[in-house]
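Enquirer: Input final-v9.csv, format and content: CSV, C-alpha atoms and all ligand atoms.
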chain,number,residue,atom,x,y,z
A,1,MET,CA,83.8,110.3,102.6
A,2,ALA,CA,82.4,107.3,100.6
A,3,GLU,CA,85.1,105.2,99.0
A,4,PRO,CA,85.0,105.8,95.2
A,5,ILE,CA,84.1,102.8,93.1
A,6,ARG,CA,86.8,102.3,90.5
A,7,ASP,CA,86.7,100.3,87.3
A,8,VAL,CA,89.6,98.2,88.5
A,9,THR,CA,91.7,97.6,91.6
A,10,ILE,CA,95.2,96.5,90.7
A,11,ILE,CA,96.8,94.6,93.6
A,12,GLY,CA,100.6,95.0,93.5
A,13,GLY,CA,102.7,97.9,92.4
A,14,GLY,CA,105.5,96.0,90.7
A,15,PRO,CA,106.2,96.0,87.0
A,16,ALA,CA,102.9,94.2,86.1
A,17,GLY,CA,100.8,96.4,88.4
A,18,LEU,CA,102.4,99.7,87.2
A,19,TYR,CA,102.1,98.8,83.6
A,20,SER,CA,98.5,97.7,84.2
A,21,ALA,CA,97.8,101.1,85.8
A,22,PHE,CA,99.2,102.8,82.7
A,23,TYR,CA,97.4,100.6,80.2
A,24,ALA,CA,94.1,100.9,82.2
A,25,GLY,CA,94.4,104.7,81.7
A,26,LEU,CA,95.0,104.2,78.1
A,27,ARG,CA,91.8,102.2,77.9
A,28,GLY,CA,89.9,105.0,79.7
A,29,MET,CA,89.5,103.0,82.9
A,30,ASP,CA,89.4,104.5,86.3
A,31,ALA,CA,92.1,102.6,88.2
A,32,ARG,CA,93.3,102.1,91.7
A,33,LEU,CA,96.8,100.7,92.3
A,34,VAL,CA,97.5,99.2,95.8
A,35,GLU,CA,101.0,98.3,97.0
A,36,ALA,CA,101.9,96.8,100.3
A,37,ARG,CA,105.4,98.3,100.5
A,38,GLU,CA,106.1,102.0,100.9
A,39,GLU,CA,107.8,102.1,97.5
A,40,LEU,CA,106.5,101.1,94.1
A,41,GLY,CA,108.5,98.9,91.8
A,42,GLY,CA,108.2,95.3,93.2
A,43,LYS,CA,111.3,93.2,92.7
A,44,LEU,CA,113.0,96.0,90.9
A,45,CYS,CA,113.6,97.4,94.4
A,46,LEU,CA,115.8,94.3,95.0
A,47,PHE,CA,118.2,94.9,92.1
A,48,ARG,CA,118.6,98.6,91.8
A,49,GLU,CA,122.2,98.4,90.8
A,50,LYS,CA,121.9,95.6,88.3
A,51,MET,CA,122.1,96.4,84.6
A,52,ILE,CA,119.0,95.3,82.7
A,53,TRP,CA,119.8,94.2,79.2
A,54,ASP,CA,116.7,92.3,78.1
A,55,ALA,CA,113.8,94.8,78.3
A,56,GLY,CA,112.6,95.4,74.7
A,57,GLY,CA,113.5,98.8,73.2
A,58,GLN,CA,115.6,99.9,76.1
A,59,PRO,CA,119.4,100.4,76.1
A,60,PRO,CA,121.0,98.6,79.1
A,61,LEU,CA,120.0,100.5,82.2
A,62,GLN,CA,120.1,100.1,85.9
A,63,GLY,CA,117.2,98.6,87.8
A,64,GLU,CA,116.7,101.8,89.7
A,65,THR,CA,116.4,103.9,86.5
A,66,PHE,CA,114.0,101.3,85.1
A,67,ARG,CA,112.0,101.4,88.3
A,68,LYS,CA,111.7,105.2,88.2
A,69,GLN,CA,110.7,105.3,84.6
A,70,LEU,CA,108.1,102.6,85.2
A,71,VAL,CA,106.6,104.5,88.1
A,72,GLU,CA,106.4,107.7,86.1
A,73,GLN,CA,104.7,105.8,83.2
A,74,GLY,CA,102.3,104.0,85.7
A,75,LYS,CA,101.1,107.4,86.9
A,76,THR,CA,100.5,108.9,83.4
A,77,PHE,CA,96.7,108.8,83.7
A,78,ASP,CA,96.6,109.7,87.5
A,79,PRO,CA,95.4,106.4,88.9
A,80,GLU,CA,94.6,106.4,92.7
A,81,VAL,CA,97.9,105.0,94.2
A,82,LEU,CA,97.9,103.6,97.7
A,83,THR,CA,101.3,102.5,99.1
A,84,GLY,CA,101.9,100.9,102.5
A,85,THR,CA,98.6,99.2,102.0
A,86,LYS,CA,98.4,95.4,102.0
A,87,ILE,CA,95.3,93.8,100.6
A,88,ALA,CA,94.3,91.0,103.1
A,89,ALA,CA,91.0,89.8,101.7
A,90,ILE,CA,88.8,89.9,98.5
A,91,ARG,CA,85.1,89.4,98.4
A,92,LYS,CA,82.0,90.6,96.6
A,93,ASN,CA,79.2,92.7,98.0
A,94,GLY,CA,75.4,92.6,97.3
A,95,GLN,CA,75.8,95.0,94.3
A,96,GLY,CA,78.2,92.6,92.6
A,97,LEU,CA,81.2,94.9,93.3
A,98,PHE,CA,84.5,93.6,94.4
A,99,GLU,CA,85.6,94.6,97.9
A,100,ALA,CA,89.4,94.5,98.5
A,101,GLU,CA,89.9,94.9,102.2
A,102,ASP,CA,93.3,96.2,103.4
A,103,HIS,CA,95.3,95.4,106.5
A,104,ARG,CA,93.7,98.4,108.3
A,105,GLY,CA,90.2,97.1,107.5
A,106,GLN,CA,89.5,99.8,104.9
A,107,VAL,CA,87.5,98.4,102.0
A,108,HIS,CA,88.3,99.4,98.4
A,109,LEU,CA,85.4,99.0,95.9
A,110,SER,CA,85.8,98.2,92.2
A,111,LYS,CA,84.1,96.5,89.3
A,112,SER,CA,87.0,94.2,88.5
A,113,ILE,CA,90.3,93.1,90.0
A,114,ILE,CA,93.8,92.6,88.5
A,115,MET,CA,96.1,90.5,90.7
A,116,ALA,CA,99.7,91.7,90.1
A,117,ASN,CA,101.0,90.5,93.5
A,118,GLY,CA,104.1,88.6,92.2
A,119,GLY,CA,105.2,85.9,94.6
A,120,GLY,CA,103.8,87.9,97.5
A,121,ILE,CA,105.5,90.7,99.6
A,122,VAL,CA,109.2,89.8,99.4
A,123,THR,CA,111.9,90.8,101.8
A,124,PRO,CA,115.5,89.6,101.9
A,125,GLN,CA,116.1,86.9,104.5
A,126,LYS,CA,118.1,88.4,107.4
A,127,LEU,CA,121.0,86.8,109.2
A,128,ARG,CA,119.9,84.8,112.3
A,129,LEU,CA,122.9,84.5,114.5
A,130,GLN,CA,122.5,82.8,117.9
A,131,GLY,CA,123.1,85.1,120.8
A,132,ALA,CA,124.6,87.9,118.7
A,133,ALA,CA,123.1,91.3,118.6
A,134,VAL,CA,123.2,91.7,114.8
A,135,ALA,CA,122.4,95.4,114.5
A,136,GLU,CA,121.8,96.8,111.0
A,137,MET,CA,125.5,97.8,110.7
A,138,ASP,CA,126.5,100.3,108.1
A,139,ASN,CA,128.5,97.8,106.1
A,140,LEU,CA,126.1,94.9,106.3
A,141,HIS,CA,124.0,94.7,103.1
A,142,TYR,CA,120.9,92.7,102.2
A,143,THR,CA,120.4,94.5,98.9
A,144,MET,CA,123.2,95.9,96.8
A,145,PRO,CA,124.2,99.5,97.3
A,146,SER,CA,126.0,101.4,94.6
A,147,LEU,CA,128.9,99.2,93.3
A,148,ALA,CA,131.2,102.2,93.8
A,149,THR,CA,130.9,101.4,97.6
A,150,PHE,CA,133.1,98.3,97.0
A,151,THR,CA,135.9,99.8,95.0
A,152,GLY,CA,139.2,98.7,96.5
A,153,LYS,CA,137.6,97.0,99.5
A,154,THR,CA,137.4,93.5,100.9
A,155,VAL,CA,133.9,92.1,100.5
A,156,LEU,CA,132.6,89.0,102.0
A,157,ILE,CA,129.5,87.6,100.3
A,158,SER,CA,127.4,84.9,102.0
A,159,GLY,CA,125.1,82.7,99.9
A,160,GLY,CA,125.1,79.9,97.3
A,161,GLY,CA,122.3,81.0,94.9
A,162,ASP,CA,122.4,82.9,91.6
A,163,ALA,CA,122.4,86.4,93.2
A,164,ALA,CA,125.4,85.6,95.6
A,165,VAL,CA,127.4,84.0,92.8
A,166,ASP,CA,126.6,86.7,90.2
A,167,TRP,CA,127.6,89.5,92.7
A,168,ALA,CA,130.8,87.7,93.6
A,169,GLU,CA,131.7,87.5,90.0
A,170,GLU,CA,130.8,91.1,89.2
A,171,LEU,CA,132.5,92.5,92.3
A,172,SER,CA,135.8,90.6,91.5
A,173,GLY,CA,136.5,93.3,88.9
A,174,ILE,CA,135.8,96.1,91.4
A,175,ALA,CA,136.7,95.1,94.9
A,176,GLU,CA,140.3,94.5,96.1
A,177,LYS,CA,139.3,91.1,97.4
A,178,VAL,CA,136.1,89.0,97.3
A,179,ILE,CA,135.4,86.1,99.7
A,180,LEU,CA,132.4,84.0,98.8
A,181,VAL,CA,131.2,81.7,101.6
A,182,HIS,CA,128.5,79.1,101.3
A,183,ARG,CA,127.3,76.7,104.0
A,184,ARG,CA,127.0,73.7,101.6
A,185,ASP,CA,129.6,71.9,99.5
A,186,ASN,CA,128.2,73.1,96.1
A,187,PHE,CA,126.4,76.0,94.7
A,188,CYS,CA,122.8,76.0,93.5
A,189,ALA,CA,123.5,78.9,91.1
A,190,HIS,CA,123.6,78.6,87.3
A,191,GLU,CA,126.7,76.4,86.5
A,192,ALA,CA,128.1,78.8,83.9
A,193,GLN,CA,128.2,81.5,86.5
A,194,VAL,CA,129.8,79.2,89.0
A,195,GLU,CA,132.5,78.4,86.5
A,196,LYS,CA,133.0,82.2,86.0
A,197,VAL,CA,133.3,82.9,89.7
A,198,LYS,CA,135.8,80.1,90.1
A,199,ARG,CA,137.9,81.8,87.4
A,200,SER,CA,137.4,85.3,88.8
A,201,GLY,CA,140.0,85.2,91.6
A,202,ALA,CA,137.4,85.3,94.4
A,203,ASP,CA,138.3,83.2,97.5
A,204,ILE,CA,135.6,80.5,97.6
A,205,LEU,CA,134.9,78.9,101.0
A,206,LEU,CA,132.5,76.0,101.0
A,207,ASN,CA,130.9,74.3,104.0
A,208,VAL,CA,131.4,77.5,105.8
A,209,ALA,CA,128.8,79.8,107.4
A,210,ILE,CA,128.9,83.2,109.2
A,211,HIS,CA,128.9,82.5,112.9
A,212,ARG,CA,129.5,86.0,114.4
A,213,LEU,CA,129.9,89.5,113.3
A,214,LEU,CA,132.5,91.5,115.2
A,215,ALA,CA,132.0,95.2,115.3
A,216,ASP,CA,134.7,97.9,115.4
A,217,LYS,CA,135.1,100.4,118.2
A,218,THR,CA,132.2,102.6,116.9
A,219,LYS,CA,129.9,99.6,117.1
A,220,THR,CA,128.4,100.7,113.8
A,221,ARG,CA,130.6,98.8,111.4
A,222,ILE,CA,131.6,95.1,111.1
A,223,GLU,CA,135.4,94.7,111.3
A,224,MET,CA,135.8,90.9,111.4
A,225,VAL,CA,133.6,88.0,110.5
A,226,GLU,CA,133.8,84.8,112.4
A,227,LEU,CA,133.2,81.8,110.2
A,228,LYS,CA,132.2,78.2,111.3
A,229,ASP,CA,133.1,75.1,109.3
A,230,THR,CA,129.7,73.4,109.0
A,231,GLU,CA,131.4,69.9,109.1
A,232,THR,CA,134.1,70.2,111.8
A,233,GLY,CA,132.7,73.2,113.8
A,234,ALA,CA,136.2,74.9,113.5
A,235,LEU,CA,136.0,78.7,113.9
A,236,THR,CA,138.2,81.1,111.9
A,237,ARG,CA,138.1,84.9,111.5
A,238,VAL,CA,138.5,87.1,108.4
A,239,GLY,CA,138.6,90.9,108.1
A,240,ALA,CA,136.0,92.5,105.8
A,241,ASP,CA,135.1,96.1,104.8
A,242,HIS,CA,131.7,95.0,103.7
A,243,VAL,CA,129.4,92.0,104.2
A,244,VAL,CA,126.8,91.1,101.6
A,245,VAL,CA,124.2,88.5,102.7
A,246,SER,CA,122.3,86.9,99.9
A,247,HIS,CA,120.2,84.1,101.6
A,248,GLY,CA,117.1,84.3,99.5
A,249,TYR,CA,113.8,86.0,100.4
A,250,GLU,CA,111.0,85.8,103.0
A,251,ARG,CA,107.5,85.9,101.4
A,252,ASP,CA,104.3,87.1,102.9
A,253,ALA,CA,101.7,85.7,100.4
A,254,GLU,CA,98.7,85.8,102.8
A,255,LEU,CA,95.6,87.0,100.9
A,256,GLY,CA,92.2,85.5,101.5
A,257,PHE,CA,89.5,85.1,98.9
A,258,GLU,CA,85.8,84.6,99.8
A,259,ALA,CA,85.1,80.9,99.3
A,260,ASP,CA,83.5,81.1,95.8
A,261,LEU,CA,85.9,83.7,94.6
A,262,GLU,CA,89.1,81.7,95.2
A,263,PRO,CA,90.9,81.3,91.9
A,264,LEU,CA,92.5,78.0,90.9
A,265,ARG,CA,96.1,78.0,92.2
A,266,LYS,CA,99.3,76.4,91.2
A,267,ASP,CA,101.8,75.4,93.9
A,268,GLY,CA,99.6,76.9,96.5
A,269,HIS,CA,100.1,80.5,95.4
A,270,PHE,CA,100.3,81.2,91.7
A,271,PHE,CA,97.1,81.7,89.7
A,272,GLU,CA,96.4,78.9,87.3
A,273,GLY,CA,95.2,81.0,84.4
A,274,SER,CA,95.5,81.5,80.7
A,275,ALA,CA,97.8,83.5,78.3
A,276,ASP,CA,95.1,86.1,78.0
A,277,ALA,CA,95.4,86.9,81.8
A,278,ALA,CA,92.1,85.3,82.9
A,279,THR,CA,91.9,83.4,86.2
A,280,SER,CA,89.2,80.8,86.9
A,281,VAL,CA,87.0,83.6,88.4
A,282,PRO,CA,85.1,86.0,86.2
A,283,GLY,CA,86.1,89.6,87.0
A,284,ILE,CA,89.5,88.6,88.6
A,285,PHE,CA,92.4,88.8,86.1
A,286,ALA,CA,96.1,88.4,86.8
A,287,ALA,CA,99.4,89.6,85.3
A,288,GLY,CA,103.1,89.1,85.9
A,289,ASP,CA,104.9,86.6,88.1
A,290,CYS,CA,101.7,85.7,90.0
A,291,LEU,CA,100.1,84.2,86.9
A,292,SER,CA,100.9,80.7,85.6
A,293,TYR,CA,100.1,79.3,82.1
A,294,ALA,CA,101.9,77.2,79.5
A,295,GLY,CA,104.6,79.3,77.9
A,296,LYS,CA,104.7,81.9,80.7
A,297,VAL,CA,107.8,84.1,80.7
A,298,ASN,CA,108.7,85.3,84.2
A,299,LEU,CA,110.5,88.4,83.0
A,300,LEU,CA,109.7,92.1,82.7
A,301,VAL,CA,108.5,91.7,79.1
A,302,GLY,CA,106.2,88.9,80.1
A,303,ALA,CA,104.7,91.0,82.9
A,304,PHE,CA,104.0,93.8,80.4
A,305,GLN,CA,102.3,91.5,77.9
A,306,ASP,CA,100.1,90.0,80.7
A,307,ALA,CA,99.2,93.5,81.9
A,308,VAL,CA,97.9,94.5,78.5
A,309,ASN,CA,95.8,91.3,78.3
A,310,ALA,CA,94.6,91.7,81.9
A,311,VAL,CA,93.5,95.3,81.3
A,312,ASN,CA,91.8,94.4,78.0
A,313,ARG,CA,89.9,91.6,79.7
A,314,ALA,CA,89.0,93.8,82.6
A,315,LYS,CA,87.7,96.5,80.2
A,316,ALA,CA,85.5,94.0,78.4
A,317,PHE,CA,84.2,92.8,81.8
A,318,VAL,CA,83.3,96.2,83.0
A,319,ASP,CA,82.1,97.6,79.7
A,320,PRO,CA,80.9,94.7,77.5
A,321,GLY,CA,80.4,97.0,74.6
A,322,ALA,CA,84.0,98.1,74.5
A,323,HIS,CA,86.5,97.0,71.9
A,324,ASP,CA,88.3,93.8,73.0
A,325,ARG,CA,91.7,95.4,72.6
A,326,GLY,CA,93.2,98.9,72.9
A,327,MET,CA,94.0,101.3,70.2
A,328,VAL,CA,97.7,102.1,69.6
A,329,SER,CA,99.0,104.9,71.7
A,330,SER,CA,99.1,107.4,68.8
A,331,HIS,CA,95.2,107.5,68.9
A,332,ASN,CA,95.0,108.5,72.5
A,333,GLU,CA,93.7,112.1,73.0
A,334,ARG,CA,95.9,112.7,76.1
A,335,PHE,CA,99.0,111.7,74.2
A,336,LYS,CA,98.0,114.0,71.3
A,337,GLU,CA,98.0,116.9,73.7
A,338,ARG,CA,101.4,116.0,75.2
A,339,ASN,CA,102.8,115.3,71.7
A,340,ARG,CA,101.9,118.9,70.7
A,341,THR,CA,103.7,120.2,73.8
A,342,LEU,CA,106.7,118.1,73.2
A,343,ILE,CA,106.9,119.1,69.5
A,344,ARG,CA,106.7,122.8,70.5
A,345,GLU,CA,109.5,122.3,73.1
A,346,LEU,CA,111.6,120.5,70.5
A,347,ALA,CA,111.0,123.3,67.9
A,348,ASP,CA,112.0,126.0,70.5
A,349,LYS,CA,115.2,124.1,71.2
A,350,VAL,CA,116.0,124.0,67.5
A,351,LYS,CA,115.5,127.8,67.2
A,352,GLN,CA,117.9,128.5,70.2
B,401,LIG,C1,117.4,89.5,91.4
B,401,LIG,C2,116.4,89.5,90.3
B,401,LIG,C3,116.9,90.0,89.0
B,401,LIG,C4,116.0,90.0,87.9
B,401,LIG,N1,116.5,90.4,86.7
B,401,LIG,C5,115.7,90.6,85.6
B,401,LIG,C6,116.2,91.0,84.4
B,401,LIG,O1,117.3,91.4,84.2
B,401,LIG,N2,115.3,91.1,83.3
B,401,LIG,C7,114.0,90.8,83.5
B,401,LIG,O2,113.2,90.9,82.5
B,401,LIG,N3,113.5,90.3,84.7
B,401,LIG,C8,114.3,90.2,85.7
B,401,LIG,N4,113.8,89.7,86.9
B,401,LIG,C9,112.4,89.3,87.0
B,401,LIG,C10,111.5,90.5,87.2
B,401,LIG,O3,111.9,91.3,88.2
B,401,LIG,C11,110.1,90.0,87.5
B,401,LIG,O4,109.6,89.2,86.4
B,401,LIG,C12,109.1,91.2,87.7
B,401,LIG,O5,109.5,92.0,88.8
B,401,LIG,C13,107.7,90.6,87.9
B,401,LIG,O6,106.8,91.7,88.1
B,401,LIG,P1,105.5,91.6,89.0
B,401,LIG,O7,104.9,92.9,89.0
B,401,LIG,O8,104.7,90.5,88.4
B,401,LIG,O9,105.9,91.1,90.4
B,401,LIG,P2,106.8,91.8,91.5
B,401,LIG,O10,107.9,92.6,90.9
B,401,LIG,O11,107.1,90.7,92.5
B,401,LIG,O12,105.8,92.8,92.2
B,401,LIG,C14,104.7,92.4,93.0
B,401,LIG,C15,104.3,93.5,93.9
B,401,LIG,O13,103.1,93.1,94.6
B,401,LIG,C16,103.1,93.5,96.0
B,401,LIG,N5,102.2,92.8,96.8
B,401,LIG,C17,102.2,91.4,97.0
B,401,LIG,N6,101.2,91.1,97.8
B,401,LIG,C18,100.4,92.2,98.0
B,401,LIG,C19,99.2,92.5,98.7
B,401,LIG,N7,98.6,91.5,99.4
B,401,LIG,N8,98.8,93.7,98.8
B,401,LIG,C20,99.4,94.7,98.1
B,401,LIG,N9,100.6,94.5,97.4
B,401,LIG,C21,101.1,93.3,97.4
B,401,LIG,C22,104.6,93.3,96.3
B,401,LIG,O14,105.0,94.0,97.5
B,401,LIG,C23,105.3,93.7,95.0
B,401,LIG,O15,105.7,95.1,95.1
B,401,LIG,C24,114.7,89.6,88.0
B,401,LIG,C25,114.2,89.2,89.3
B,401,LIG,C26,115.1,89.2,90.4
B,401,LIG,C27,114.5,88.7,91.7
Starting from the file, give its structure as structure tokens.
Ligand SMILES: Cc1cc2nc3c(=O)[nH]c(=O)nc-3n(C[C@H](O)[C@H](O)[C@H](O)COP(=O)(O)OP(=O)(O)OC[C@H]3O[C@@H](n4cnc5c(N)ncnc54)[C@H](O)[C@@H]3O)c2cc1C
Expert:
Amino acid sequence: MAEPIRDVTIIGGGPAGLYSAFYAGLRGMDARLVEAREELGGKLCLFREKMIWDAGGQPPLQGETFRKQLVEQGKTFDPEVLTGTKIAAIRKNGQGLFEAEDHRGQVHLSKSIIMANGGGIVTPQKLRLQGAAVAEMDNLHYTMPSLATFTGKTVLISGGGDAAVDWAEELSGIAEKVILVHRRDNFCAHEAQVEKVKRSGADILLNVAIHRLLADKTKTRIEMVELKDTETGALTRVGADHVVVSHGYERDAELGFEADLEPLRKDGHFFEGSADAATSVPGIFAAGDCLSYAGKVNLLVGAFQDAVNAVNRAKAFVDPGAHDRGMVSSHNERFKERNRTLIRELADKVKQ
């Protein structure tokens, strides 16, 4: 079957891409959303347990709840959604259409492109221990499971960045004991958080790195952690019910553009663009963490604003006669229909 030509292909299914898919529907655009990972949500998949306090108009809610809501909203206008699909190259064909080629060689055609690929495809950095078979043991975590997992337990956290320090501080009120180990002599986390963790009662071991993980009899759980002093080489062992590794992320940011379609970049990856989501290439717009401009806010709210601008620009590119910005959602016909249903449902509830 011939590949359908969409108004816009949105590359990346994180907050910026999902909100772009929603807003493209609101502007009557036929959208395709392509995400490399099997799951939509982008970086929200990395902090499912964390409470988000700073998204406008939302009460504090967990990353996972926020992710689910965003995915539902992104699908409001039934965009084509492709997950497990990494875009590898972007070019233009003889008809002036953009061709986004995925890792399987399948080509996806559209009249415009919105880049919403964040910092690339991000996966937590795994432990690399020499000679040790580090299986994915049940109590070895690279992203945070439910915090209830740690109640009354001994938790060893390895890392010196914001995430490691934040979790050590947060878990100090939940776990029986928290041991924070870092291979250097000082943390690179925010200093206010470092001060808090120092006061939290956590055991802090500096110049110390995980050397070996020792499994229990079942071979499915870590029982002891062997630590190595990075200065003296001395080895010590500590018992732990859970080990959390927070060593940053690996990024796959490979995505090739045809020579004359390569947008201007900042630091080799980010798109050097403008606050209205344009890149240096007509027809290619950008939103969210992948976009750089003066005053850029690398937060969820910033991603949503960029998404609105990117969609409005893409709409004007595809349909030059269109209004340059969207109407408010109360004018949308599809919402009117849904509003009627919701009001009927509310009225029925009141009657009961
Ligand atoms: C630990 C942590 C905590 C945070 N806490 C907060 C907070 O409390 N409040 C807040 O406002 N912000 C927070 N942020 C920032 C927020 O998560 C980001 O600003 C937001 O996720 C940016 O969304 P995005 O869609 O631009 O990028 P991302 O979320 O990075 O999504 C990009 C998506 O593009 C996909 N992709 C990349 N390359 C390709 C390709 N070639 N083909 C297909 N898909 C591709 C990736 O797999 C990914 O899913 C936090 C970030 C982190 C890391």
Enquirer: Find the spatial neighbours of stretch 236-253 of chain A, counting all atoms listed in the file, within a cut-off of 8 Å - ignore same-chain residues fewer than 2 positions away - and output them as a PyMOL selection string.
Expert: chain A and resi 119-127+139-144+150+153-161+163-164+222-228+234+255+269
Enquirer: Write the residues you've just listed into a file as a tab-separated table (two decimals), in the frame of the given file, and include C-alpha atoms for each of them.
Expert:
chain	number	residue	atom	x	y	z
A	119	GLY	CA	105.20	85.90	94.60
A	120	GLY	CA	103.80	87.90	97.50
A	121	ILE	CA	105.50	90.70	99.60
A	122	VAL	CA	109.20	89.80	99.40
A	123	THR	CA	111.90	90.80	101.80
A	124	PRO	CA	115.50	89.60	101.90
A	125	GLN	CA	116.10	86.90	104.50
A	126	LYS	CA	118.10	88.40	107.40
A	127	LEU	CA	121.00	86.80	109.20
A	139	ASN	CA	128.50	97.80	106.10
A	140	LEU	CA	126.10	94.90	106.30
A	141	HIS	CA	124.00	94.70	103.10
A	142	TYR	CA	120.90	92.70	102.20
A	143	THR	CA	120.40	94.50	98.90
A	144	MET	CA	123.20	95.90	96.80
A	150	PHE	CA	133.10	98.30	97.00
A	153	LYS	CA	137.60	97.00	99.50
A	154	THR	CA	137.40	93.50	100.90
A	155	VAL	CA	133.90	92.10	100.50
A	156	LEU	CA	132.60	89.00	102.00
A	157	ILE	CA	129.50	87.60	100.30
A	158	SER	CA	127.40	84.90	102.00
A	159	GLY	CA	125.10	82.70	99.90
A	160	GLY	CA	125.10	79.90	97.30
A	161	GLY	CA	122.30	81.00	94.90
A	163	ALA	CA	122.40	86.40	93.20
A	164	ALA	CA	125.40	85.60	95.60
A	222	ILE	CA	131.60	95.10	111.10
A	223	GLU	CA	135.40	94.70	111.30
A	224	MET	CA	135.80	90.90	111.40
A	225	VAL	CA	133.60	88.00	110.50
A	226	GLU	CA	133.80	84.80	112.40
A	227	LEU	CA	133.20	81.80	110.20
A	228	LYS	CA	132.20	78.20	111.30
A	234	ALA	CA	136.20	74.90	113.50
A	255	LEU	CA	95.60	87.00	100.90
A	269	HIS	CA	100.10	80.50	95.40
Enquirer: Point out the residue among A:Gly201, A:Gly302, A:Gly152, A:Gly283 with the least atom-to-atom distance to ligand LIG 401 (chain B), counting all atoms listed in the file.
Expert: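 Under the stated criterion, the closest residue is A:Gly302.
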Enquirer: Excluding same-chain residues fewer than 6 positions from A:Val71, what lies within 12 Å of it counting only C-alpha atoms, as a ChimeraX atom specification?
Expert: /A:13-22,33,39-42,44-45,64-65,77-79,81
Enquirer: Calculate how many Å separate atom CA of A:Ser172 from atom CA of A:Lys196, rounding to one decimal.
Expert: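 So the answer is 10.4 Å.
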Enquirer: What is the distance, in Å and to one decimal place, between atom O5 of ligand LIG 401 (chain B) and atom CA of A:Val178?
Expert: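 Pair atom O5 of ligand LIG 401 (chain B) / atom CA of A:Val178 returns 28.1 Å.
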Enquirer: With distances taken over only C-alpha atoms and all ligand atoms, which residue among A:Thr9, A:Thr341, A:Asn298, A:Thr279 lies nearest ligand LIG 401 (chain B)?
Expert: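 For ligand LIG 401 (chain B), the nearest of the candidates is A:Asn298.
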Enquirer: Figure out the distance between atom CA of A:Asn332 and atom O8 of ligand LIG 401 (chain B), please, to one decimal in Å.
Expert: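 Straight-line distance from atom O8 of ligand LIG 401 (chain B) to atom CA of A:Asn332 works out to 25.9 Å.
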Enquirer: Any chance you could tabulate, as a Markdown table, the residues of stretch 84-186 of chain A at most 8 Å from stretch 203-212 of chain A with each one's nearest atom pair and distance in Å to one decimal, using all atoms listed in the file, in chain and rising number order?
Expert:
| residue | atom | partner | partner_atom | distance |
| --- | --- | --- | --- | --- |
| A:Leu129 | CA | A:His211 | CA | 6.5 |
| A:Ala132 | CA | A:Arg212 | CA | 6.8 |
| A:Ser158 | CA | A:Ile210 | CA | 7.5 |
| A:Lys177 | CA | A:Asp203 | CA | 8.0 |
| A:Val178 | CA | A:Asp203 | CA | 6.2 |
| A:Ile179 | CA | A:Asp203 | CA | 4.7 |
| A:Leu180 | CA | A:Ile204 | CA | 4.9 |
| A:Val181 | CA | A:Leu205 | CA | 4.7 |
| A:His182 | CA | A:Leu206 | CA | 5.1 |
| A:Arg183 | CA | A:Asn207 | CA | 4.3 |
| A:Arg184 | CA | A:Asn207 | CA | 4.6 |
| A:Asp185 | CA | A:Leu206 | CA | 5.2 |
| A:Asn186 | CA | A:Leu206 | CA | 7.1 |
Enquirer: So which one's closest to ligand LIG 401 (chain B), A:Arg325, A:Arg6, A:Lys219, A:Arg67? Using all atoms listed in the file, please.
Expert: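 Smallest distance to ligand LIG 401 (chain B) is found for A:Arg67.
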Enquirer: Hey, which of A:Met51, A:Ala100, A:Leu82, A:Ala189 ends up closest to A:Leu147? Count all atoms listed in the file.
Expert: A:Met51
Enquirer: Using all atoms listed in the file, which of A:Leu26, A:Val318, A:Ala307, A:Ile5 sits nearest A:Glu333?
Expert: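 Of the candidates, the smallest distance to A:Glu333 is held by A:Leu26.
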Enquirer: Skipping near chain neighbours, those fewer than 5 positions away, what residues fall within 12 Å of A:Gly295 using only C-alpha atoms, listed as a list in words?
Expert: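 Those residues are Gly273, Ser274, Ala275, Asp276, Gly302 and Asp306 of chain A.
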Enquirer: If I put a ball of radius 12 Å at (97.1, 84.9, 92.5) in the file's coordinates, which residues poke into it when counting only C-alpha atoms, written as a ChimeraX atom specification?
Expert: /A:10-12,90,113-120,253-257,261-273,277-281,284-292
Enquirer: Which of these, A:Asn312, A:Val301, A:His323, A:Gln69, has the shortest distance to A:Asp54 once you count all atoms listed in the file?
Expert: A:Val301
